[in-house]
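Visitor: What follows is work02.json, made up of JSON, C-alpha atoms:
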[["chain", "number", "residue", "atom", "x", "y", "z"],
["A", 6, "MET", "CA", 21.59, 2.79, 13.25],
["A", 7, "PHE", "CA", 22.06, 4.99, 16.27],
["A", 8, "ILE", "CA", 21.08, 3.33, 19.58],
["A", 9, "GLU", "CA", 19.82, 5.73, 22.21],
["A", 10, "HIS", "CA", 19.58, 5.11, 25.95],
["A", 11, "THR", "CA", 16.18, 6.14, 27.28],
["A", 12, "THR", "CA", 14.63, 5.84, 30.72],
["A", 13, "SER", "CA", 11.62, 3.89, 29.39],
["A", 14, "SER", "CA", 13.66, 1.12, 27.79],
["A", 15, "LEU", "CA", 17.36, 0.52, 27.56],
["A", 16, "PHE", "CA", 18.98, 0.34, 24.13],
["A", 17, "ARG", "CA", 15.87, 0.10, 21.97],
["A", 18, "LYS", "CA", 16.75, 0.17, 18.31],
["A", 19, "GLY", "CA", 14.38, 1.91, 15.94],
["A", 20, "CYS", "CA", 14.20, 1.50, 12.19],
["A", 21, "ILE", "CA", 12.43, 2.72, 9.09],
["A", 22, "GLU", "CA", 10.54, 0.33, 6.81],
["A", 23, "VAL", "CA", 9.19, 1.54, 3.46],
["A", 24, "ILE", "CA", 6.41, -0.22, 1.57],
["A", 25, "CYS", "CA", 6.18, 1.28, -1.92],
["A", 26, "GLY", "CA", 4.84, 0.61, -5.37],
["A", 27, "SER", "CA", 2.09, 1.64, -7.76],
["A", 28, "MET", "CA", -1.59, 2.08, -7.04],
["A", 29, "PHE", "CA", -3.43, -1.21, -6.36],
["A", 30, "SER", "CA", -0.19, -3.02, -5.47],
["A", 31, "GLY", "CA", -1.26, -3.77, -1.87],
["A", 32, "LYS", "CA", 0.78, -1.13, 0.00],
["A", 33, "THR", "CA", -1.93, -0.20, 2.50],
["A", 34, "GLU", "CA", -2.92, -3.85, 2.96],
["A", 35, "GLU", "CA", 0.70, -4.68, 3.84],
["A", 36, "LEU", "CA", 0.94, -1.67, 6.17],
["A", 37, "ILE", "CA", -2.20, -2.77, 8.03],
["A", 38, "ARG", "CA", -0.89, -6.35, 8.24],
["A", 39, "ARG", "CA", 2.41, -5.27, 9.79],
["A", 40, "LEU", "CA", 0.74, -2.93, 12.26],
["A", 41, "LYS", "CA", -1.79, -5.55, 13.37],
["A", 42, "ARG", "CA", 1.06, -8.01, 13.98],
["A", 43, "ALA", "CA", 2.80, -5.40, 16.13],
["A", 44, "GLN", "CA", -0.42, -4.95, 18.14],
["A", 45, "ILE", "CA", -0.71, -8.74, 18.59],
["A", 46, "ALA", "CA", 2.85, -8.63, 19.97],
["A", 47, "GLY", "CA", 1.63, -6.18, 22.63],
["A", 48, "LEU", "CA", 3.36, -3.14, 21.16],
["A", 49, "GLN", "CA", 1.89, 0.35, 21.28],
["A", 50, "VAL", "CA", 0.98, 1.34, 17.72],
["A", 51, "VAL", "CA", -0.25, 4.61, 16.22],
["A", 52, "ILE", "CA", -1.14, 5.24, 12.57],
["A", 53, "PHE", "CA", -1.02, 8.55, 10.71],
["A", 54, "LYS", "CA", -2.39, 9.63, 7.36],
["A", 55, "PRO", "CA", -2.33, 12.93, 5.48],
["A", 56, "ALA", "CA", -5.39, 15.04, 6.32],
["A", 57, "ILE", "CA", -5.98, 15.64, 2.59],
["A", 58, "ASP", "CA", -6.62, 11.91, 2.02],
["A", 59, "ASN", "CA", -10.33, 11.48, 2.72],
["A", 60, "ARG", "CA", -11.24, 9.21, -0.21],
["A", 61, "TYR", "CA", -12.58, 6.30, 1.84],
["A", 62, "HIS", "CA", -12.83, 7.74, 5.33],
["A", 63, "LYS", "CA", -11.84, 10.94, 7.11],
["A", 64, "GLU", "CA", -9.96, 9.19, 9.93],
["A", 65, "ASN", "CA", -9.43, 5.55, 8.95],
["A", 66, "VAL", "CA", -6.71, 4.09, 6.78],
["A", 67, "THR", "CA", -8.61, 1.81, 4.39],
["A", 68, "SER", "CA", -7.23, -0.66, 1.85],
["A", 69, "HIS", "CA", -8.89, -1.47, -1.47],
["A", 70, "ASN", "CA", -9.88, -4.78, 0.16],
["A", 71, "ALA", "CA", -11.87, -2.75, 2.73],
["A", 72, "ASN", "CA", -9.56, -3.58, 5.64],
["A", 73, "GLN", "CA", -9.25, -0.55, 7.87],
["A", 74, "VAL", "CA", -7.63, 0.79, 11.02],
["A", 75, "VAL", "CA", -8.22, 4.02, 12.91],
["A", 76, "ALA", "CA", -5.65, 6.68, 12.03],
["A", 77, "ILE", "CA", -4.79, 10.22, 13.03],
["A", 78, "PRO", "CA", -5.03, 12.67, 10.12],
["A", 79, "VAL", "CA", -2.23, 15.26, 10.12],
["A", 80, "LYS", "CA", -1.40, 18.15, 7.79],
["A", 81, "ASP", "CA", 2.40, 17.65, 7.73],
["A", 82, "SER", "CA", 5.37, 15.90, 9.33],
["A", 83, "GLN", "CA", 5.68, 18.54, 12.07],
["A", 84, "GLU", "CA", 2.13, 17.87, 13.27],
["A", 85, "LEU", "CA", 2.87, 14.14, 13.11],
["A", 86, "LEU", "CA", 5.85, 14.61, 15.46],
["A", 87, "GLN", "CA", 3.70, 16.63, 17.85],
["A", 88, "LYS", "CA", 1.04, 13.89, 18.03],
["A", 89, "VAL", "CA", 3.26, 10.81, 18.33],
["A", 90, "GLY", "CA", 3.12, 10.24, 22.10],
["A", 91, "LYS", "CA", 4.64, 7.19, 23.74],
["A", 92, "VAL", "CA", 4.61, 4.38, 21.16],
["A", 93, "ASP", "CA", 6.68, 1.47, 19.89],
["A", 94, "VAL", "CA", 5.54, 1.45, 16.26],
["A", 95, "ILE", "CA", 4.30, 4.20, 13.95],
["A", 96, "GLY", "CA", 2.51, 3.59, 10.67],
["A", 97, "ILE", "CA", 2.26, 6.28, 7.98],
["A", 98, "ASP", "CA", -0.02, 5.73, 4.98],
["A", 99, "GLU", "CA", -0.07, 7.68, 1.69],
["A", 100, "ALA", "CA", 3.32, 9.15, 2.62],
["A", 101, "GLN", "CA", 3.82, 10.60, -0.88],
["A", 102, "PHE", "CA", 1.40, 13.38, 0.13],
["A", 103, "PHE", "CA", 3.57, 14.51, 3.08],
["A", 104, "ASP", "CA", 6.10, 17.34, 2.93],
["A", 105, "LYS", "CA", 9.81, 16.81, 2.21],
["A", 106, "GLN", "CA", 10.55, 16.97, 5.96],
["A", 107, "LEU", "CA", 9.01, 13.52, 6.45],
["A", 108, "THR", "CA", 12.39, 11.80, 6.03],
["A", 109, "LYS", "CA", 13.93, 13.88, 8.84],
["A", 110, "ALA", "CA", 10.90, 13.23, 11.04],
["A", 111, "CYS", "CA", 11.12, 9.46, 10.46],
["A", 112, "LEU", "CA", 14.86, 9.45, 11.19],
["A", 113, "LYS", "CA", 14.24, 11.35, 14.42],
["A", 114, "LEU", "CA", 11.62, 8.82, 15.50],
["A", 115, "ALA", "CA", 13.81, 5.84, 14.58],
["A", 116, "ARG", "CA", 16.68, 7.31, 16.61],
["A", 117, "LYS", "CA", 14.33, 7.36, 19.60],
["A", 118, "GLY", "CA", 13.89, 3.60, 19.23],
["A", 119, "ILE", "CA", 10.60, 3.66, 17.34],
["A", 120, "ARG", "CA", 9.86, 1.34, 14.43],
["A", 121, "VAL", "CA", 8.47, 3.52, 11.61],
["A", 122, "VAL", "CA", 6.52, 1.76, 8.83],
["A", 123, "VAL", "CA", 5.80, 4.02, 5.85],
["A", 124, "ALA", "CA", 3.62, 3.19, 2.82],
["A", 125, "GLY", "CA", 3.28, 5.25, -0.35],
["A", 126, "LEU", "CA", 3.71, 5.66, -4.08],
["A", 127, "ASP", "CA", 7.38, 5.82, -5.07],
["A", 128, "MET", "CA", 6.65, 7.13, -8.60],
["A", 129, "ASP", "CA", 3.99, 9.25, -10.23],
["A", 130, "TYR", "CA", 2.05, 8.18, -13.34],
["A", 131, "MET", "CA", 4.97, 9.30, -15.56],
["A", 132, "GLY", "CA", 7.43, 7.09, -13.69],
["A", 133, "LYS", "CA", 9.13, 10.02, -11.92],
["A", 134, "PRO", "CA", 10.13, 9.85, -8.21],
["A", 135, "PHE", "CA", 7.20, 11.03, -6.09],
["A", 136, "GLY", "CA", 7.23, 13.05, -2.87],
["A", 137, "PRO", "CA", 9.45, 12.01, 0.05],
["A", 138, "ILE", "CA", 9.29, 8.26, -0.71],
["A", 139, "PRO", "CA", 12.56, 8.05, -2.74],
["A", 140, "SER", "CA", 14.43, 9.85, 0.06],
["A", 141, "LEU", "CA", 12.88, 7.52, 2.65],
["A", 142, "MET", "CA", 13.82, 4.49, 0.57],
["A", 143, "ALA", "CA", 17.46, 5.62, 0.55],
["A", 144, "ARG", "CA", 17.51, 6.00, 4.35],
["A", 145, "ALA", "CA", 15.36, 3.00, 5.31],
["A", 146, "GLU", "CA", 16.68, -0.23, 6.78],
["A", 147, "TYR", "CA", 14.00, -2.22, 4.94],
["A", 148, "VAL", "CA", 12.29, -1.52, 1.59],
["A", 149, "SER", "CA", 9.47, -3.62, 0.12],
["A", 150, "LYS", "CA", 8.59, -2.80, -3.48],
["A", 151, "LEU", "CA", 5.15, -4.14, -4.43],
["A", 152, "HIS", "CA", 3.63, -4.33, -7.91],
["A", 153, "ALA", "CA", 0.11, -4.25, -9.22],
["A", 154, "ILE", "CA", -0.96, -6.21, -12.29],
["A", 155, "CYS", "CA", -1.54, -4.41, -15.59],
["A", 156, "MET", "CA", -5.19, -4.76, -16.62],
["A", 157, "ARG", "CA", -4.22, -4.68, -20.34],
["A", 158, "CYS", "CA", -1.39, -7.17, -20.64],
["A", 159, "GLY", "CA", -1.32, -9.00, -17.28],
["A", 160, "ASP", "CA", 2.33, -8.11, -16.64],
["A", 161, "LEU", "CA", 3.64, -6.32, -13.55],
["A", 162, "ALA", "CA", 2.56, -2.68, -13.28],
["A", 163, "LEU", "CA", 5.60, -0.67, -12.25],
["A", 164, "TYR", "CA", 3.84, 2.68, -11.87],
["A", 165, "SER", "CA", 0.29, 4.01, -11.80],
["A", 166, "HIS", "CA", -1.77, 4.63, -14.94],
["A", 167, "ARG", "CA", -3.55, 7.99, -15.19],
["A", 168, "LYS", "CA", -7.00, 7.65, -16.75],
["A", 169, "THR", "CA", -7.77, 11.37, -17.12],
["A", 170, "SER", "CA", -6.13, 14.11, -19.17],
["A", 171, "ASN", "CA", -5.81, 16.26, -16.03],
["A", 172, "LYS", "CA", -2.10, 16.45, -15.12],
["A", 173, "ASP", "CA", -2.50, 17.95, -11.62]]
How would this structure read if it were set down as structure tokens?

Guide:
Amino acid sequence: MFIEHTTSSLFRKGCIEVICGSMFSGKTEELIRRLKRAQIAGLQVVIFKPAIDNRYHKENVTSHNANQVVAIPVKDSQELLQKVGKVDVIGIDEAQFFDKQLTKACLKLARKGIRVVVAGLDMDYMGKPFGPIPSLMARAEYVSKLHAICMRCGDLALYSHRKTSNKD
């Protein structure tokens, strides 16, 4: 990874961490856990989410276990870059809904010495690569693949199950 000299801190090394898996695998829960630990360590943390994701709350990132943290909703990776500010750690939830430029944005932030923690679906319900997550996985220093449990057979659920006939 590229190490950049900055006036605020000498030789800070940034990185990209990807937390991926199917729905109900605990991705957001793990993202929140990592970000809270960074805050306990005294680091400056900011969390982003796609503006289109308002299922649980307009501004909070919320896990299925009802854990939540305040987040900044953004429409795309360019707006995310504009709103970053001076931070040590960035969290990005539901990253599969971001544009393809998210990988470049995350690399840019990591090169500035920022730890970037990204959570999202890596595959759609058909098992096909989804959004920018596969590209981020290829470029990340750390990848955590989580699995849900299949409600039918009890085995690991590798990708999400679509319950409707709507294919959008």

Visitor: What's the separation between atom CA of A:Val123 and atom CA of A:Ala162, in Å to one decimal place?

Guide: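 Atom CA of A:Ala162 lies at a distance of 20.5 Å from atom CA of A:Val123.
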
Visitor: Mind giving me the straight-line distance from atom CA of A:Leu114 to atom CA of A:Val94 in Å, one decimal?

Guide: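 So the two atoms, atom CA of A:Leu114 and atom CA of A:Val94, lie 9.6 Å apart.
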
Visitor: In Å to one decimal, how far is atom CA of A:Ala100 from atom CA of A:Lys54?

Guide: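 Separation of atom CA of A:Lys54 and atom CA of A:Ala100: 7.4 Å.
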
Visitor: Here is a test: counting all atoms listed in the file, which residue of A:Ser27, A:Gly132, A:Leu112, A:Ile95 is nearest to A:Lys41?

Guide: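 Closest to A:Lys41, using all atoms listed in the file: A:Ile95.
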
Visitor: I need the residue nearest A:Asn171 from this list: A:Phe135, A:Tyr130, A:Met142, A:Arg157. Use all atoms listed in the file for the distance.

Guide: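 Ranked by minimum distance to A:Asn171, first place goes to A:Tyr130.
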
Visitor: For A:Ser140, which residue among A:Val122, A:Ala56, A:Gln101, A:Ile45 is the nearest when counting only C-alpha atoms?

Guide: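 Nearest to A:Ser140: A:Gln101.
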
Visitor: Give the answer as one residue: which of A:Gln106, A:Gln49, A:Ser149, A:Ser170 has the shortest atom-to-atom distance to A:Leu85, using only C-alpha atoms?

Guide: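 Looking at the shortest contact to A:Leu85, the residue is A:Gln106.
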
Visitor: For A:His152, find every residue with an atom within 8 Å (counting only C-alpha atoms), except residues of its own chain fewer than 6 positions away, and show them as a VMD selection string.

Guide: chain A and resid 26 to 27 29 to 31 161 to 163

Visitor: Quick one: of A:Val92, A:Met131, A:Leu151, A:Ile119, who's nearest to A:Gly47, counting all atoms listed in the file?

Guide: A:Val92

Visitor: For A:Gly19, list every protein, DNA or RNA residue within 7 Å, evaluated using all atoms listed in the file, and leave out those in the same chain fewer than 2 positions away; present the list as a list in words.

Guide: Arg17, Ala115, Arg116, Lys117, Gly118, Ile119 and Arg120 of chain A

Visitor: Could you write those residues out with C-alpha atoms, as a compact mmCIF listing (two decimals), in the coordinates of the input?

Guide:
# COMPACT_ATOMS: atom_id res chain seq x y z
CA ARG A 17 15.87 0.10 21.97
CA ALA A 115 13.81 5.84 14.58
CA ARG A 116 16.68 7.31 16.61
CA LYS A 117 14.33 7.36 19.60
CA GLY A 118 13.89 3.60 19.23
CA ILE A 119 10.60 3.66 17.34
CA ARG A 120 9.86 1.34 14.43
